[in-house]
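The next block is upload_21.cif, given as mmCIF, C-alpha atoms and all ligand atoms.
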data_my_file
#
loop_
_atom_site.label_atom_id
_atom_site.label_comp_id
_atom_site.auth_asym_id
_atom_site.auth_seq_id
_atom_site.Cartn_x
_atom_site.Cartn_y
_atom_site.Cartn_z
CA MET A 1 79.97 13.74 129.00
CA SER A 2 79.63 17.38 128.01
CA ARG A 3 76.63 19.23 129.36
CA ILE A 4 76.79 21.75 126.50
CA PHE A 5 73.95 21.35 123.98
CA LEU A 6 73.24 22.88 120.58
CA PRO A 7 70.07 24.96 120.86
CA ASP A 8 68.14 23.07 118.15
CA GLN A 9 64.39 22.28 118.40
CA THR A 10 64.98 18.90 120.07
CA ASN A 11 67.28 20.28 122.73
CA LEU A 12 65.10 23.32 123.35
CA ALA A 13 62.19 20.94 124.01
CA LEU A 14 64.41 18.89 126.36
CA ALA A 15 65.42 22.08 128.19
CA ALA A 16 61.81 23.25 128.45
CA ASN A 17 60.84 19.88 129.97
CA ALA A 18 63.69 20.08 132.46
CA LEU A 19 62.54 23.56 133.51
CA ARG A 20 58.94 22.35 133.96
CA ARG A 21 60.25 19.63 136.28
CA GLY A 22 61.98 22.29 138.38
CA ALA A 23 65.50 21.54 137.11
CA LEU A 24 67.95 24.29 136.14
CA VAL A 25 69.13 25.09 132.61
CA SER A 26 71.81 27.60 131.70
CA PHE A 27 70.98 29.78 128.71
CA PRO A 28 72.83 32.48 126.75
CA THR A 29 71.71 36.09 126.73
CA GLU A 30 73.23 39.05 124.90
CA THR A 31 74.83 40.15 128.22
CA VAL A 32 76.09 37.03 130.08
CA TYR A 33 74.91 33.42 130.52
CA GLY A 34 72.04 32.95 132.96
CA LEU A 35 71.36 30.11 135.42
CA GLY A 36 67.70 29.56 134.58
CA GLY A 37 64.89 28.11 136.64
CA ASP A 38 61.08 28.33 136.72
CA ALA A 39 60.46 31.63 138.54
CA THR A 40 57.04 30.42 139.75
CA ASN A 41 58.52 27.33 141.42
CA ASP A 42 59.94 27.86 144.95
CA ARG A 43 62.00 24.68 144.73
CA ALA A 44 63.62 25.69 141.45
CA VAL A 45 64.40 29.18 142.75
CA ALA A 46 65.84 27.73 145.95
CA ALA A 47 68.02 25.45 143.82
CA ILE A 48 69.42 28.53 142.03
CA TYR A 49 70.38 30.15 145.34
CA ALA A 50 71.96 26.89 146.49
CA ALA A 51 73.95 26.33 143.28
CA LYS A 52 75.30 29.88 143.31
CA ASP A 53 75.81 29.86 147.08
CA ARG A 54 74.11 33.23 146.89
CA PRO A 55 73.21 35.20 150.02
CA SER A 56 69.44 34.75 150.22
CA PHE A 57 68.77 38.48 150.67
CA ASN A 58 69.89 39.10 147.11
CA PRO A 59 66.90 38.98 144.75
CA LEU A 60 66.99 37.50 141.23
CA ILE A 61 66.19 38.87 137.77
CA VAL A 62 63.21 37.25 136.04
CA HIS A 63 63.31 36.90 132.24
CA VAL A 64 60.09 37.16 130.24
CA PRO A 65 59.44 36.87 126.48
CA ASN A 66 57.78 40.28 126.03
CA LEU A 67 56.24 43.36 127.63
CA ALA A 68 52.72 41.85 127.62
CA VAL A 69 53.87 39.10 129.98
CA ALA A 70 55.83 41.59 132.11
CA ILE A 71 52.82 43.81 132.82
CA GLU A 72 50.88 40.80 134.13
CA LEU A 73 53.55 40.38 136.81
CA GLY A 74 54.41 43.93 137.87
CA ASP A 75 53.07 47.49 137.95
CA PHE A 76 54.47 49.48 135.05
CA ASN A 77 54.21 53.25 135.44
CA GLU A 78 54.67 55.66 132.53
CA ASP A 79 58.48 55.67 132.84
CA ALA A 80 58.58 51.87 132.92
CA MET A 81 56.39 51.64 129.81
CA LYS A 82 58.54 54.10 127.87
CA LEU A 83 61.77 52.35 128.83
CA ALA A 84 60.46 48.86 128.09
CA GLN A 85 59.15 49.96 124.70
CA LYS A 86 62.47 51.56 123.84
CA PHE A 87 65.00 49.04 125.19
CA TRP A 88 63.30 45.62 125.20
CA PRO A 89 64.39 43.15 124.08
CA GLY A 90 67.74 44.30 125.47
CA PRO A 91 70.12 44.78 128.38
CA LEU A 92 67.83 46.75 130.72
CA THR A 93 66.30 45.28 133.89
CA LEU A 94 63.38 47.16 135.43
CA VAL A 95 62.58 46.86 139.14
CA VAL A 96 58.86 47.42 139.67
CA LYS A 97 56.21 46.65 142.30
CA ARG A 98 54.81 43.10 142.33
CA LYS A 99 51.17 42.88 141.35
CA PRO A 100 48.99 41.38 144.12
CA THR A 101 48.22 38.52 141.70
CA CYS A 102 51.88 38.01 140.73
CA PRO A 103 52.49 34.22 140.52
CA LEU A 104 56.27 34.49 140.91
CA SER A 105 57.94 32.77 143.85
CA LEU A 106 58.45 35.20 146.76
CA LEU A 107 62.02 33.95 146.82
CA VAL A 108 62.89 35.79 143.59
CA SER A 109 62.02 39.02 145.41
CA ALA A 110 64.02 37.98 148.50
CA GLY A 111 61.26 39.16 150.78
CA MET A 112 60.72 42.54 149.09
CA ASP A 113 57.60 43.81 147.38
CA SER A 114 59.40 44.33 144.07
CA ILE A 115 60.48 42.26 141.08
CA ALA A 116 63.25 42.77 138.55
CA LEU A 117 62.13 42.00 134.97
CA ARG A 118 63.93 41.85 131.68
CA VAL A 119 63.23 40.72 128.09
CA PRO A 120 66.55 39.38 126.77
CA ALA A 121 67.55 39.97 123.15
CA HIS A 122 69.36 36.67 122.50
CA PRO A 123 67.38 34.42 120.12
CA VAL A 124 68.18 31.29 122.19
CA ALA A 125 66.94 32.93 125.41
CA LEU A 126 63.74 34.01 123.63
CA ALA A 127 63.30 30.54 122.10
CA LEU A 128 63.64 28.93 125.55
CA LEU A 129 61.14 31.38 127.09
CA THR A 130 58.68 30.50 124.33
CA ALA A 131 59.28 26.74 124.44
CA SER A 132 58.90 26.56 128.23
CA ASN A 133 56.14 29.16 128.48
CA LEU A 134 57.60 30.04 131.90
CA PRO A 135 59.06 33.22 133.38
CA LEU A 136 62.69 32.27 134.07
CA ALA A 137 64.66 33.41 137.08
CA GLY A 138 68.15 33.86 135.73
CA PRO A 139 71.07 35.27 137.66
CA SER A 140 74.43 35.17 135.98
CA ALA A 141 75.59 31.54 135.84
CA ASN A 142 78.56 31.82 138.20
CA ALA A 143 79.15 31.14 141.88
CA SER A 144 78.18 34.20 143.94
CA GLY A 145 80.82 36.94 143.93
CA ARG A 146 82.77 35.49 141.01
CA VAL A 147 83.39 36.53 137.41
CA SER A 148 80.30 36.23 135.20
CA PRO A 149 80.35 33.69 132.31
CA THR A 150 80.28 34.83 128.70
CA THR A 151 80.65 31.40 127.06
CA ALA A 152 79.02 27.99 127.59
CA GLN A 153 82.47 26.60 128.54
CA HIS A 154 82.75 29.13 131.40
CA VAL A 155 79.40 27.92 132.75
CA GLU A 156 80.40 24.26 132.58
CA LYS A 157 83.40 24.98 134.85
CA GLU A 158 81.26 26.76 137.47
CA PHE A 159 78.79 24.03 138.42
CA GLY A 160 78.77 20.32 139.16
CA VAL A 161 76.55 17.83 137.28
CA HIS A 162 74.18 17.53 140.24
CA GLN A 163 73.58 21.30 140.18
CA LEU A 164 73.23 21.82 136.44
CA SER A 165 72.78 19.18 133.73
CA MET A 166 72.15 21.31 130.67
CA ILE A 167 73.80 24.36 129.13
CA LEU A 168 72.43 25.74 125.86
CA ASN A 169 75.28 26.96 123.69
CA GLY A 170 74.72 30.36 122.11
CA GLY A 171 78.36 31.20 121.53
CA ALA A 172 80.13 34.19 123.10
CA CYS A 173 77.83 36.88 124.53
CA ARG A 174 77.66 39.94 122.31
CA ILE A 175 77.61 42.59 125.07
CA GLY A 176 79.55 40.66 127.71
CA ILE A 177 78.56 42.76 130.73
CA GLU A 178 75.34 42.45 132.73
CA SER A 179 72.19 44.43 132.11
CA THR A 180 71.58 47.85 133.59
CA VAL A 181 69.34 47.53 136.68
CA LEU A 182 66.98 50.48 137.18
CA SER A 183 64.52 50.74 140.05
CA LEU A 184 61.23 52.47 139.29
CA PHE A 185 59.92 51.55 142.71
CA GLU A 186 60.38 55.04 144.19
CA GLN A 187 59.39 58.47 142.79
CA THR A 188 62.84 59.12 141.34
CA PRO A 189 64.31 56.28 139.27
CA VAL A 190 67.45 54.79 140.86
CA LEU A 191 70.27 53.18 138.91
CA LEU A 192 71.14 50.08 140.94
CA ARG A 193 73.71 48.66 138.54
CA PRO A 194 75.29 50.31 135.48
CA GLY A 195 75.24 48.01 132.45
CA GLY A 196 74.53 47.55 128.77
CA VAL A 197 72.12 50.53 128.56
CA THR A 198 73.78 53.78 129.68
CA ARG A 199 72.31 56.22 132.23
CA ASP A 200 72.34 58.99 129.59
CA ALA A 201 70.22 56.88 127.24
CA ILE A 202 67.69 56.33 130.07
CA VAL A 203 67.55 60.03 131.01
CA ASP A 204 67.00 60.79 127.33
CA ILE A 205 63.90 58.60 127.12
CA ILE A 206 62.16 59.53 130.39
CA GLY A 207 63.30 63.16 130.46
CA LYS A 208 64.04 63.19 134.17
CA ASP A 209 66.95 62.69 136.52
CA VAL A 210 68.16 59.24 137.52
CA GLU A 211 69.78 58.80 140.93
CA ILE A 212 72.79 56.55 141.29
CA ALA A 213 72.72 54.11 144.18
CA ASP A 214 75.95 53.55 146.03
CA ALA A 215 77.04 50.85 148.44
CA ILE A 216 76.79 53.21 151.42
CA THR A 217 73.24 54.40 150.86
CA ASP A 218 72.20 50.83 149.99
CA GLN A 219 72.75 49.94 153.64
CA THR A 220 70.40 52.68 154.81
CA THR A 221 67.77 52.57 152.08
CA GLY A 222 67.55 48.79 151.91
CA LEU A 223 67.86 48.87 148.12
CA HIS A 224 69.78 45.64 148.13
CA SER A 225 71.43 44.63 144.90
CA PRO A 226 74.09 41.94 145.03
CA GLY A 227 75.71 43.48 141.99
CA ARG A 228 76.29 46.34 144.40
CA LEU A 229 78.19 44.34 147.01
CA LEU A 230 81.61 45.91 147.26
CA SER A 231 83.57 42.77 146.54
CA HIS A 232 82.04 41.06 143.51
CA TYR A 233 82.98 39.86 140.03
CA ALA A 234 86.27 38.68 141.55
CA PRO A 235 88.85 36.37 139.97
CA ASP A 236 91.09 34.28 142.30
CA ARG A 237 94.09 36.58 141.77
CA PRO A 238 93.95 40.15 143.20
CA VAL A 239 93.12 42.94 140.76
CA ARG A 240 94.92 46.32 140.60
CA ILE A 241 93.14 49.05 138.63
CA ASN A 242 94.37 52.20 136.84
CA ALA A 243 97.73 50.50 136.23
CA THR A 244 100.28 52.31 134.06
CA ASN A 245 102.70 49.37 134.00
CA ALA A 246 102.91 45.68 134.90
CA MET A 247 105.17 44.81 137.84
CA ALA A 248 107.13 41.55 138.07
CA GLY A 249 104.73 38.62 138.28
CA GLU A 250 101.73 40.68 137.23
CA ALA A 251 99.61 40.01 134.15
CA LEU A 252 98.43 43.08 132.26
CA LEU A 253 94.87 43.65 131.09
CA ALA A 254 95.52 46.43 128.59
CA PHE A 255 93.30 48.99 126.89
CA GLY A 256 94.20 51.06 123.84
CA PRO A 257 96.88 51.05 121.14
CA HIS A 258 99.96 51.74 123.33
CA PRO A 259 100.09 49.40 126.33
CA PRO A 260 103.31 49.18 128.40
CA ALA A 261 105.38 46.00 127.96
CA ALA A 262 104.28 42.94 129.92
CA LYS A 263 105.15 39.23 129.80
CA ILE A 264 101.52 38.16 130.00
CA MET A 265 99.11 40.57 128.39
CA LEU A 266 95.64 40.66 126.84
CA ASN A 267 94.15 43.80 125.32
CA LEU A 268 90.49 44.65 125.97
CA SER A 269 90.49 46.80 122.84
CA GLU A 270 93.48 47.92 120.81
CA THR A 271 91.32 50.60 119.18
CA SER A 272 89.98 51.89 122.54
CA ASN A 273 86.48 50.73 121.65
CA LEU A 274 84.37 50.44 124.84
CA GLU A 275 81.82 48.01 123.33
CA GLU A 276 84.63 45.66 122.37
CA ALA A 277 86.21 46.07 125.83
CA ALA A 278 82.95 45.20 127.61
CA ALA A 279 82.51 42.11 125.45
CA ASN A 280 86.06 40.94 126.29
CA LEU A 281 86.15 41.91 129.98
CA PHE A 282 85.02 38.76 131.81
CA ALA A 283 86.63 36.25 129.40
CA MET A 284 89.98 38.05 129.63
CA LEU A 285 89.83 38.33 133.45
CA ARG A 286 89.30 34.55 133.51
CA ALA A 287 92.11 33.92 131.03
CA LEU A 288 94.62 35.98 133.08
CA ASP A 289 93.54 34.37 136.37
CA GLN A 290 96.43 31.85 136.29
CA PRO A 291 98.30 30.22 139.21
CA ASP A 292 101.68 31.76 138.30
CA VAL A 293 100.25 35.29 138.10
CA SER A 294 100.56 37.35 141.33
CA CYS A 295 98.05 40.04 140.40
CA ILE A 296 96.03 41.25 137.41
CA ALA A 297 96.94 44.86 136.61
CA VAL A 298 94.25 46.65 134.60
CA MET A 299 94.86 49.86 132.67
CA LYS A 300 92.60 52.87 133.14
CA ILE A 301 89.28 52.74 131.25
CA PRO A 302 87.56 56.04 130.31
CA GLN A 303 84.60 56.84 132.57
CA GLN A 304 82.03 57.40 129.80
CA GLY A 305 79.31 55.35 128.07
CA LEU A 306 79.84 51.62 128.66
CA GLY A 307 83.05 52.57 130.51
CA LEU A 308 80.90 53.29 133.61
CA ALA A 309 79.71 49.67 133.69
CA ILE A 310 83.22 48.31 133.00
CA ASN A 311 84.74 50.45 135.79
CA ASP A 312 81.94 49.46 138.18
CA ARG A 313 82.82 45.76 137.70
CA LEU A 314 86.58 46.41 137.89
CA GLN A 315 86.30 48.43 141.12
CA ARG A 316 84.36 45.60 142.73
CA ALA A 317 86.82 42.98 141.43
CA ALA A 318 89.65 45.07 142.97
CA SER A 319 87.92 45.63 146.35
CA PRO A 320 89.28 43.92 149.48
CA ARG A 321 87.72 40.44 149.73
O1 LIG E 401 72.46 40.72 132.29
C1 LIG E 401 71.88 40.27 133.27
O2 LIG E 401 71.12 40.95 133.96
C2 LIG E 401 72.13 38.81 133.62
C3 LIG E 401 71.56 37.97 132.49
C4 LIG E 401 71.66 36.49 132.76
O3 LIG E 401 70.24 38.33 132.23
N1 LIG E 401 71.53 38.48 134.87
C5 LIG E 401 72.03 38.94 136.05
O4 LIG E 401 71.29 38.58 137.14
O5 LIG E 401 73.04 39.61 136.15
P1 LIG E 401 71.80 38.66 138.62
O6 LIG E 401 70.74 37.96 139.40
O7 LIG E 401 73.19 38.17 138.74
O8 LIG E 401 71.75 40.16 138.99
C6 LIG E 401 70.53 40.69 139.40
C7 LIG E 401 70.70 42.12 139.82
C8 LIG E 401 71.35 42.18 141.14
O9 LIG E 401 72.16 43.34 141.26
C9 LIG E 401 70.11 42.23 142.06
O10 LIG E 401 70.35 42.73 143.33
C10 LIG E 401 69.20 43.10 141.27
O11 LIG E 401 69.41 42.70 139.94
N2 LIG E 401 67.83 42.82 141.64
C11 LIG E 401 67.09 41.75 141.34
N3 LIG E 401 65.85 41.87 141.88
C12 LIG E 401 65.82 43.04 142.52
C13 LIG E 401 64.83 43.74 143.26
N4 LIG E 401 63.61 43.24 143.45
N5 LIG E 401 65.15 44.93 143.78
C14 LIG E 401 66.39 45.46 143.59
N6 LIG E 401 67.37 44.85 142.89
C15 LIG E 401 67.09 43.66 142.36
MG MG E 402 75.90 38.20 138.81
#

Rendering of file as structure tokens:
Amino acid sequence: MSRIFLPDQTNLALAANALRRGALVSFPTETVYGLGGDATNDRAVAAIYAAKDRPSFNPLIVHVPNLAVAIELGDFNEDAMKLAQKFWPGPLTLVVKRKPTCPLSLLVSAGMDSIALRVPAHPVALALLTASNLPLAGPSANASGRVSPTTAQHVEKEFGVHQLSMILNGGACRIGIESTVLSLFEQTPVLLRPGGVTRDAIVDIIGKDVEIADAITDQTTGLHSPGRLLSHYAPDRPVRINATNAMAGEALLAFGPHPPAAKIMLNLSETSNLEEAAANLFAMLRALDQPDVSCIAVMKIPQQGLGLAINDRLQRAASPR
């Protein structure tokens, strides 16, 4: 029997009940599908780590319905307030200090004193947050290290029935690439993961510099972010980036109006539109990840705007496993 449900009132109530019992429910967001669980329930959060086979030092994003709920959980400084007011609901995750009274499971913080919060823009995600009246831990609904899901069908393939019994279907994700993760924990804001909201847009709002974390400094600063693990977002087949052609056996993930010839090819955007490319990225990586393909060759993507987030994911997908 399919585990994919229409997000009508009846099924939203079913999903909310499941979450209250500590079960997991996958829900759509504007970025990617999340694997949701009650963020105040240690057992539910532990079940998320187990289902994803996620290294336990990697903390989880918590979804909330609005800023009022967020400021009950974490300390929002002036920058955090400005950014939340500008970009929520939307693809920006803010890492802030936990309030002493914060009821969230310590597991979502993976032992740190911070929490990552986001108000998603997808109406089904917001409806589920309202129906359950719970903050929802929600990492991308894929096994750790693998390609993130942008449709309900992707999610169904990732998990067994004992791990996940319900997936709310919200169609294909509009943005298709994960949220930007910004830490406001230190004096200078640090971009932990490029995503749906660009660094330039953030600098514009807070009027100050934003540092970019990299995998090397992560190891010394302890700013752990699993999205920052070098090998991540990986299909089964190897990935070759900045390709100008497709070699024998390779499938081509093209970009732009003039791709080189290839037997198996999908185009992220024929009009070189970066929003369209981001929305297609994970679904096309999955579609080209076929047994008779030796490698997925990906054409160069411009390093600007959403291109930074796309290239970040592609570099990790192409890193040695
Ligand atoms: O778009 C998204 O953000 C999706 C959708 C479902 O909302 N969620 C998502 O969650 O990508 P996840 O758990 O796969 O990614 C969480 C990112 C990771 O890079 C993690 O390390 C970082 O946020 N993160 C979470 N809590 C953190 C914390 N307290 N400090 C630093 N980084 C944190
Ligand atoms: Mg993920």

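Comparing A:Leu266, A:Val239, A:Ala277, A:Leu168 by their smallest distance to Arg3 in chain A, the closest is A:Leu168 (using all atoms listed in the file).
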
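Note that the spacing between CA of Pro194 in chain A and atom C6 of ligand LIG 401 (chain E) amounts to 11.4 Å.
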
Within 7 Å of ligand LIG 401 (chain E), counting all atoms listed in the file, residues as a PyMOL selection string: chain A and resi 29+31-35+58-61+91+93+95+108-109+112+114-116+120+138-140+177-181+183+192-193+223-228

Resulting file, chosen residues, C-alpha atoms, as a PDB file, keeping the file's coordinate frame:
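The result, written out as again28.pdb:
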ATOM      1  CA  THR A  29      71.710  36.090 126.730  1.00  0.00           C
ATOM      2  CA  THR A  31      74.830  40.150 128.220  1.00  0.00           C
ATOM      3  CA  VAL A  32      76.090  37.030 130.080  1.00  0.00           C
ATOM      4  CA  TYR A  33      74.910  33.420 130.520  1.00  0.00           C
ATOM      5  CA  GLY A  34      72.040  32.950 132.960  1.00  0.00           C
ATOM      6  CA  LEU A  35      71.360  30.110 135.420  1.00  0.00           C
ATOM      7  CA  ASN A  58      69.890  39.100 147.110  1.00  0.00           C
ATOM      8  CA  PRO A  59      66.900  38.980 144.750  1.00  0.00           C
ATOM      9  CA  LEU A  60      66.990  37.500 141.230  1.00  0.00           C
ATOM     10  CA  ILE A  61      66.190  38.870 137.770  1.00  0.00           C
ATOM     11  CA  PRO A  91      70.120  44.780 128.380  1.00  0.00           C
ATOM     12  CA  THR A  93      66.300  45.280 133.890  1.00  0.00           C
ATOM     13  CA  VAL A  95      62.580  46.860 139.140  1.00  0.00           C
ATOM     14  CA  VAL A 108      62.890  35.790 143.590  1.00  0.00           C
ATOM     15  CA  SER A 109      62.020  39.020 145.410  1.00  0.00           C
ATOM     16  CA  MET A 112      60.720  42.540 149.090  1.00  0.00           C
ATOM     17  CA  SER A 114      59.400  44.330 144.070  1.00  0.00           C
ATOM     18  CA  ILE A 115      60.480  42.260 141.080  1.00  0.00           C
ATOM     19  CA  ALA A 116      63.250  42.770 138.550  1.00  0.00           C
ATOM     20  CA  PRO A 120      66.550  39.380 126.770  1.00  0.00           C
ATOM     21  CA  GLY A 138      68.150  33.860 135.730  1.00  0.00           C
ATOM     22  CA  PRO A 139      71.070  35.270 137.660  1.00  0.00           C
ATOM     23  CA  SER A 140      74.430  35.170 135.980  1.00  0.00           C
ATOM     24  CA  ILE A 177      78.560  42.760 130.730  1.00  0.00           C
ATOM     25  CA  GLU A 178      75.340  42.450 132.730  1.00  0.00           C
ATOM     26  CA  SER A 179      72.190  44.430 132.110  1.00  0.00           C
ATOM     27  CA  THR A 180      71.580  47.850 133.590  1.00  0.00           C
ATOM     28  CA  VAL A 181      69.340  47.530 136.680  1.00  0.00           C
ATOM     29  CA  SER A 183      64.520  50.740 140.050  1.00  0.00           C
ATOM     30  CA  LEU A 192      71.140  50.080 140.940  1.00  0.00           C
ATOM     31  CA  ARG A 193      73.710  48.660 138.540  1.00  0.00           C
ATOM     32  CA  LEU A 223      67.860  48.870 148.120  1.00  0.00           C
ATOM     33  CA  HIS A 224      69.780  45.640 148.130  1.00  0.00           C
ATOM     34  CA  SER A 225      71.430  44.630 144.900  1.00  0.00           C
ATOM     35  CA  PRO A 226      74.090  41.940 145.030  1.00  0.00           C
ATOM     36  CA  GLY A 227      75.710  43.480 141.990  1.00  0.00           C
ATOM     37  CA  ARG A 228      76.290  46.340 144.400  1.00  0.00           C
TER      38      ARG A 228
END

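One distance worth recording is that between CA of Ser148 in chain A and CA of Gly90 in chain A, which is 17.8 Å.
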
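Residues with any atom within 8 Å of Ser165 in chain A, counting only C-alpha atoms and excluding same-chain neighbours fewer than 2 positions away, are Arg3, Leu24, Val25, Val161, His162, Gln163 and Ile167 of chain A.
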
Could you list, as a ChimeraX atom specification, every residue within 10 Å of Leu19 in chain A, counting all atoms listed in the file and ignoring same-chain residues fewer than 5 positions away? /A:13-14,24-25,36-39,41,44,128,132-134,136

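CA of Ala152 in chain A sits 8.3 Å away from CA of Phe27 in chain A.
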
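Nearest-residue note for Leu126 in chain A: choosing from A:Pro302, A:Gly22, A:Pro65, A:Gly307, the minimum distance belongs to A:Pro65, counting all atoms listed in the file.
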